[in-house]
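Everything below concerns the one structure shown next.
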Amino acid sequence: GTAAVMARVAHVVADAGAFLRAAPLQDMAQSVYTVPEVVAEIRDKATRRRLAALPYELRFRRPRPDYVRLVTDFAKKTGDYPSLSATDLQVLALTYQLEAETVGPERLRREPEDKVRLSSSLQHPEAPLHLAGFHLPSKHKRPGKGQRLPSPERSPAVAESPEFSSFLYWRAPLPSIEEDLQELLNAHAVTISPEVDEKQQRPENRDSTEEEESEEESDDEGWITPSNIKEVQQDMGHFDTAPAGVQVGCVTTDFAMQNVLLQMGLHVLAVNGMLIRQARSHILRCHGCFKTTSDMSKVFCPHCGNKTLKKVAVSVSDDGSLHLHFSRNPKVLNPRGLRYPLPAPQGGKHANNPHLVEDQPFPQQRLSRKARQKTDVFNPDYIAGVSPFAENDVYSRAANLQIRDAALGAGRRRLNPNAVTKKFVKRR
């Protein structure tokens, strides 16, 4: 709906995510570009059918090698290089090249700016930052709220303790004599000023006041109402509705690519055609050497090699600044269970050693010769499997450890894979 009304961007580079999510590129762009590898990496039938009959002309272009080199060096400096494929780098380089050709390379950054803001929150790092439609209570009252009511009217327990900032924990406060005194003092003041706030005129009606306040607070906190649904939709992806003055954009759903594009000063478009102002995702940060990596498959820190990577929420704003959202939750860096005596290292084919470093050698654990014997049905000497003379590998070490070659399907299998194994059996 919004894409049709929007100003169309002159040149849009499409990543595989744009085709997989069926982005309406004909409404968003005057000319759509991509690199040939993007189409080659699309495998599923539905998207292939869509690509066969596109309602617009798709232009294939290869970026110049010097732009690919520039983008690669930039990605290495931002730490996104390990999680970018060769195709991703080509798409980034093509976007950079088109921007340099149409607008000029002066506006673009060749070095990432070291603008990293850190903020700590009580939330767990894996908890979503701003979830539309959910009331995530803020722990501190905003200064605007407190000015509305006179200070003695609220009992100090409600005002100060953080539990009561959420309406979930709010209970009717105990009656205090101060309120009655305040009421008597305010009685004559109310009569002379007709334009006094309604809430001040009925201080005895504490419940409704608090409820209204919590309702207003919850409006700010993220309930979706007909009045704010447009803003919520924009805010969910941090979009700007009309990409005015944008000549070149890139449609991608990959966070590492969005991060590099935003830090370079290029424009990122969402699948619905809106302009992304802020990319939000998670990265891994080493709490030993404080380096970050956006390759989420890593277990050991690529910089110092320790098993000290923790998940951190990160947002990249359109001026290229990174904002790391740390958690003040003590459970996040809980060292419990990290100190234990290591077993003596075992040698041999069936060793089961703990994985301590990334390049640790592990045995290949191939199957025994007996287990590798394929059942050849057309062999004249073959005996049917039900025969007591049929060779069945049950006693070899590979069978006992249930090591099997996926290609052959040999080794010992559980008779019934759906059988429920009893866990936590009480020992007598």
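Labels used: A, B, ... for chains in the order of the structure tokens, numbers from 1 for residues in each chain, and numbers from 1 for ligands as shown.
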(message) For A:Ala22, find every residue with an atom within 10 Å (counting only C-alpha atoms), except residues of its own chain fewer than 6 positions away, and show them as a PyMOL selection string.
(response) chain A and resi 16+46-47+50-51+271-272
(message) When you look at A:Ala18 with a cut-off of 10 Å (counting only C-alpha atoms), what residues show up, excluding the ones that are within fewer than 2 positions of it in the same chain? I need them as a VMD selection string.
(response) chain A and resid 13 to 16 20 to 25 250 to 253 269 to 272
(request) Excluding A:Asn352 and residues on its chain fewer than 4 positions from it, collect all residues at most 10 Å away from it, counting only C-alpha atoms, and give them as a list in words. (result)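 Neighbouring residues, sequence-local ones excluded: Pro345, Gln346, Gly347, Gly348, Phe362 and Pro363 of chain A.
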Selected residues written out with N, CA and C atoms, as a PDB file, in the first residue's frame:
```pdb
ATOM      1  N   PRO A 345      43.584 -35.917  28.826  1.00  0.00           N
ATOM      2  CA  PRO A 345      43.280 -36.077  27.400  1.00  0.00           C
ATOM      3  C   PRO A 345      43.459 -37.508  26.941  1.00  0.00           C
ATOM      4  N   GLN A 346      42.464 -38.008  26.203  1.00  0.00           N
ATOM      5  CA  GLN A 346      42.509 -39.379  25.686  1.00  0.00           C
ATOM      6  C   GLN A 346      43.098 -39.366  24.294  1.00  0.00           C
ATOM      7  N   GLY A 347      43.729 -40.453  23.931  1.00  0.00           N
ATOM      8  CA  GLY A 347      44.207 -40.582  22.560  1.00  0.00           C
ATOM      9  C   GLY A 347      43.376 -41.616  21.835  1.00  0.00           C
ATOM     10  N   GLY A 348      43.672 -41.819  20.561  1.00  0.00           N
ATOM     11  CA  GLY A 348      43.014 -42.893  19.830  1.00  0.00           C
ATOM     12  C   GLY A 348      41.774 -42.460  19.088  1.00  0.00           C
ATOM     13  N   PHE A 362      40.528 -33.524  16.053  1.00  0.00           N
ATOM     14  CA  PHE A 362      39.611 -34.562  16.523  1.00  0.00           C
ATOM     15  C   PHE A 362      39.758 -35.801  15.645  1.00  0.00           C
ATOM     16  N   PRO A 363      39.582 -36.995  16.228  1.00  0.00           N
ATOM     17  CA  PRO A 363      39.653 -38.202  15.405  1.00  0.00           C
ATOM     18  C   PRO A 363      38.512 -38.264  14.403  1.00  0.00           C
TER      19      PRO A 363
END
```
(message) Let me make sure I understand: among A:Val68, A:Leu266, A:Leu184, A:Leu92, which one has the smallest atom-to-atom distance to A:Arg107 if we use only C-alpha atoms?
(response) A:Leu266
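Considering the residues A:Val38, A:Leu367, A:Ala127, A:Cys304 and counting only C-alpha atoms, A:Phe290 has its shortest atom-to-atom contact with A:Cys304.
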(request) List the neighbours of stretch 93-98 of chain A out to 7 Å using only C-alpha atoms; skip same-chain residues closer than 3 positions along the sequence, and give me the result as number ranges by chain. (result) A: 13, 62-63, 67-68, 71, 89-90, 101-102, 248, 250
Please save N, CA, C and O atoms of the selected residues as a PDB file, in the first residue's frame.
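This is the output file part-v1.pdb:
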```pdb
ATOM      1  N   VAL A  13      19.604  -1.919  -6.061  1.00  0.00           N
ATOM      2  CA  VAL A  13      20.331  -3.193  -6.179  1.00  0.00           C
ATOM      3  C   VAL A  13      19.600  -4.204  -5.311  1.00  0.00           C
ATOM      4  O   VAL A  13      19.340  -3.942  -4.134  1.00  0.00           O
ATOM      5  N   ARG A  62      28.209  -6.283 -13.276  1.00  0.00           N
ATOM      6  CA  ARG A  62      29.299  -6.702 -12.396  1.00  0.00           C
ATOM      7  C   ARG A  62      30.028  -5.456 -11.896  1.00  0.00           C
ATOM      8  O   ARG A  62      30.349  -4.575 -12.692  1.00  0.00           O
ATOM      9  N   PRO A  63      30.324  -5.377 -10.603  1.00  0.00           N
ATOM     10  CA  PRO A  63      31.050  -4.204 -10.102  1.00  0.00           C
ATOM     11  C   PRO A  63      32.520  -4.247 -10.509  1.00  0.00           C
ATOM     12  O   PRO A  63      33.058  -5.320 -10.792  1.00  0.00           O
ATOM     13  N   TYR A  67      36.253  -1.508  -6.630  1.00  0.00           N
ATOM     14  CA  TYR A  67      35.163  -1.294  -5.676  1.00  0.00           C
ATOM     15  C   TYR A  67      34.982  -2.531  -4.786  1.00  0.00           C
ATOM     16  O   TYR A  67      34.685  -2.408  -3.602  1.00  0.00           O
ATOM     17  N   VAL A  68      35.152  -3.713  -5.382  1.00  0.00           N
ATOM     18  CA  VAL A  68      35.041  -4.952  -4.591  1.00  0.00           C
ATOM     19  C   VAL A  68      36.125  -4.957  -3.514  1.00  0.00           C
ATOM     20  O   VAL A  68      35.874  -5.312  -2.350  1.00  0.00           O
ATOM     21  N   VAL A  71      35.211  -2.410  -0.757  1.00  0.00           N
ATOM     22  CA  VAL A  71      34.127  -2.903   0.111  1.00  0.00           C
ATOM     23  C   VAL A  71      34.646  -4.016   1.019  1.00  0.00           C
ATOM     24  O   VAL A  71      34.296  -4.089   2.206  1.00  0.00           O
ATOM     25  N   LEU A  89      29.465  -9.535  -1.110  1.00  0.00           N
ATOM     26  CA  LEU A  89      30.460  -8.490  -1.372  1.00  0.00           C
ATOM     27  C   LEU A  89      30.252  -7.869  -2.750  1.00  0.00           C
ATOM     28  O   LEU A  89      30.428  -6.668  -2.935  1.00  0.00           O
ATOM     29  N   GLN A  90      29.858  -8.717  -3.728  1.00  0.00           N
ATOM     30  CA  GLN A  90      29.588  -8.199  -5.078  1.00  0.00           C
ATOM     31  C   GLN A  90      28.399  -7.235  -5.055  1.00  0.00           C
ATOM     32  O   GLN A  90      28.428  -6.186  -5.700  1.00  0.00           O
ATOM     33  N   GLU A 101      28.752   6.599  -9.082  1.00  0.00           N
ATOM     34  CA  GLU A 101      28.517   7.072 -10.459  1.00  0.00           C
ATOM     35  C   GLU A 101      27.418   8.140 -10.509  1.00  0.00           C
ATOM     36  O   GLU A 101      27.532   9.113 -11.248  1.00  0.00           O
ATOM     37  N   THR A 102      26.322   7.937  -9.753  1.00  0.00           N
ATOM     38  CA  THR A 102      25.171   8.847  -9.872  1.00  0.00           C
ATOM     39  C   THR A 102      25.312  10.082  -8.985  1.00  0.00           C
ATOM     40  O   THR A 102      25.056  11.193  -9.427  1.00  0.00           O
ATOM     41  N   VAL A 248      20.177   5.934  -5.022  1.00  0.00           N
ATOM     42  CA  VAL A 248      20.594   4.525  -5.074  1.00  0.00           C
ATOM     43  C   VAL A 248      20.262   3.873  -3.744  1.00  0.00           C
ATOM     44  O   VAL A 248      20.492   4.452  -2.685  1.00  0.00           O
ATOM     45  N   CYS A 250      19.727  -0.275  -1.690  1.00  0.00           N
ATOM     46  CA  CYS A 250      19.956  -1.726  -1.773  1.00  0.00           C
ATOM     47  C   CYS A 250      18.885  -2.419  -0.946  1.00  0.00           C
ATOM     48  O   CYS A 250      18.621  -2.023   0.189  1.00  0.00           O
TER      49      CYS A 250
END
```
(request) Write out as a ChimeraX atom specification each polymer residue whose atoms come within 7 Å of stretch 318-334 of chain A, counting only C-alpha atoms; drop sequence neighbours fewer than 2 positions from it. (result) /A:115-125,262-265,277-278,312-316,336
(message) To one decimal place in Å, what is the distance between atom CA of A:Tyr395 and atom CA of A:Gln365?
(response) 16.1 Å
(message) Please compute the atom CA of A:Pro302-atom CA of A:Ser317 distance, one decimal, in Å.
(response)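 Separating atom CA of A:Pro302 from atom CA of A:Ser317 is a distance of 25.4 Å.
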Could you pull out the strand (DSSP E) residues of stretch 15-79 of chain A, going by DSSP on the backbone, and write them as a PDB file with N, CA, C and O atoms, in the first residue's frame?
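Dumped everything to result_29.pdb:
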```
ATOM      1  N   ALA A  29      11.424   0.898  -7.598  1.00  0.00           N
ATOM      2  CA  ALA A  29      12.596   1.350  -8.348  1.00  0.00           C
ATOM      3  C   ALA A  29      12.266   1.635  -9.790  1.00  0.00           C
ATOM      4  O   ALA A  29      11.377   1.010 -10.370  1.00  0.00           O
ATOM      5  N   GLN A  30      13.024   2.572 -10.359  1.00  0.00           N
ATOM      6  CA  GLN A  30      12.908   2.818 -11.794  1.00  0.00           C
ATOM      7  C   GLN A  30      13.729   1.787 -12.564  1.00  0.00           C
ATOM      8  O   GLN A  30      13.311   1.322 -13.610  1.00  0.00           O
ATOM      9  N   SER A  31      14.909   1.441 -12.058  1.00  0.00           N
ATOM     10  CA  SER A  31      15.685   0.362 -12.676  1.00  0.00           C
ATOM     11  C   SER A  31      16.282  -0.516 -11.585  1.00  0.00           C
ATOM     12  O   SER A  31      16.813  -0.008 -10.591  1.00  0.00           O
ATOM     13  N   VAL A  32      16.143  -1.844 -11.764  1.00  0.00           N
ATOM     14  CA  VAL A  32      16.586  -2.824 -10.762  1.00  0.00           C
ATOM     15  C   VAL A  32      17.845  -3.513 -11.270  1.00  0.00           C
ATOM     16  O   VAL A  32      17.886  -3.991 -12.398  1.00  0.00           O
ATOM     17  N   TYR A  33      18.871  -3.547 -10.424  1.00  0.00           N
ATOM     18  CA  TYR A  33      20.132  -4.197 -10.789  1.00  0.00           C
ATOM     19  C   TYR A  33      20.396  -5.359  -9.834  1.00  0.00           C
ATOM     20  O   TYR A  33      19.925  -5.362  -8.699  1.00  0.00           O
ATOM     21  N   THR A  34      21.179  -6.307 -10.317  1.00  0.00           N
ATOM     22  CA  THR A  34      21.684  -7.363  -9.442  1.00  0.00           C
ATOM     23  C   THR A  34      22.907  -7.980 -10.105  1.00  0.00           C
ATOM     24  O   THR A  34      23.222  -7.662 -11.254  1.00  0.00           O
ATOM     25  N   LEU A  58      15.178  -6.762 -15.252  1.00  0.00           N
ATOM     26  CA  LEU A  58      16.247  -6.957 -14.270  1.00  0.00           C
ATOM     27  C   LEU A  58      17.586  -6.818 -14.991  1.00  0.00           C
ATOM     28  O   LEU A  58      17.875  -7.561 -15.926  1.00  0.00           O
ATOM     29  N   ARG A  59      18.389  -5.849 -14.567  1.00  0.00           N
ATOM     30  CA  ARG A  59      19.670  -5.602 -15.247  1.00  0.00           C
ATOM     31  C   ARG A  59      20.801  -6.261 -14.473  1.00  0.00           C
ATOM     32  O   ARG A  59      20.912  -6.065 -13.266  1.00  0.00           O
ATOM     33  N   PHE A  60      21.606  -7.017 -15.189  1.00  0.00           N
ATOM     34  CA  PHE A  60      22.759  -7.665 -14.559  1.00  0.00           C
ATOM     35  C   PHE A  60      23.994  -6.804 -14.780  1.00  0.00           C
ATOM     36  O   PHE A  60      24.280  -6.397 -15.912  1.00  0.00           O
TER      37      PHE A  60
END
```
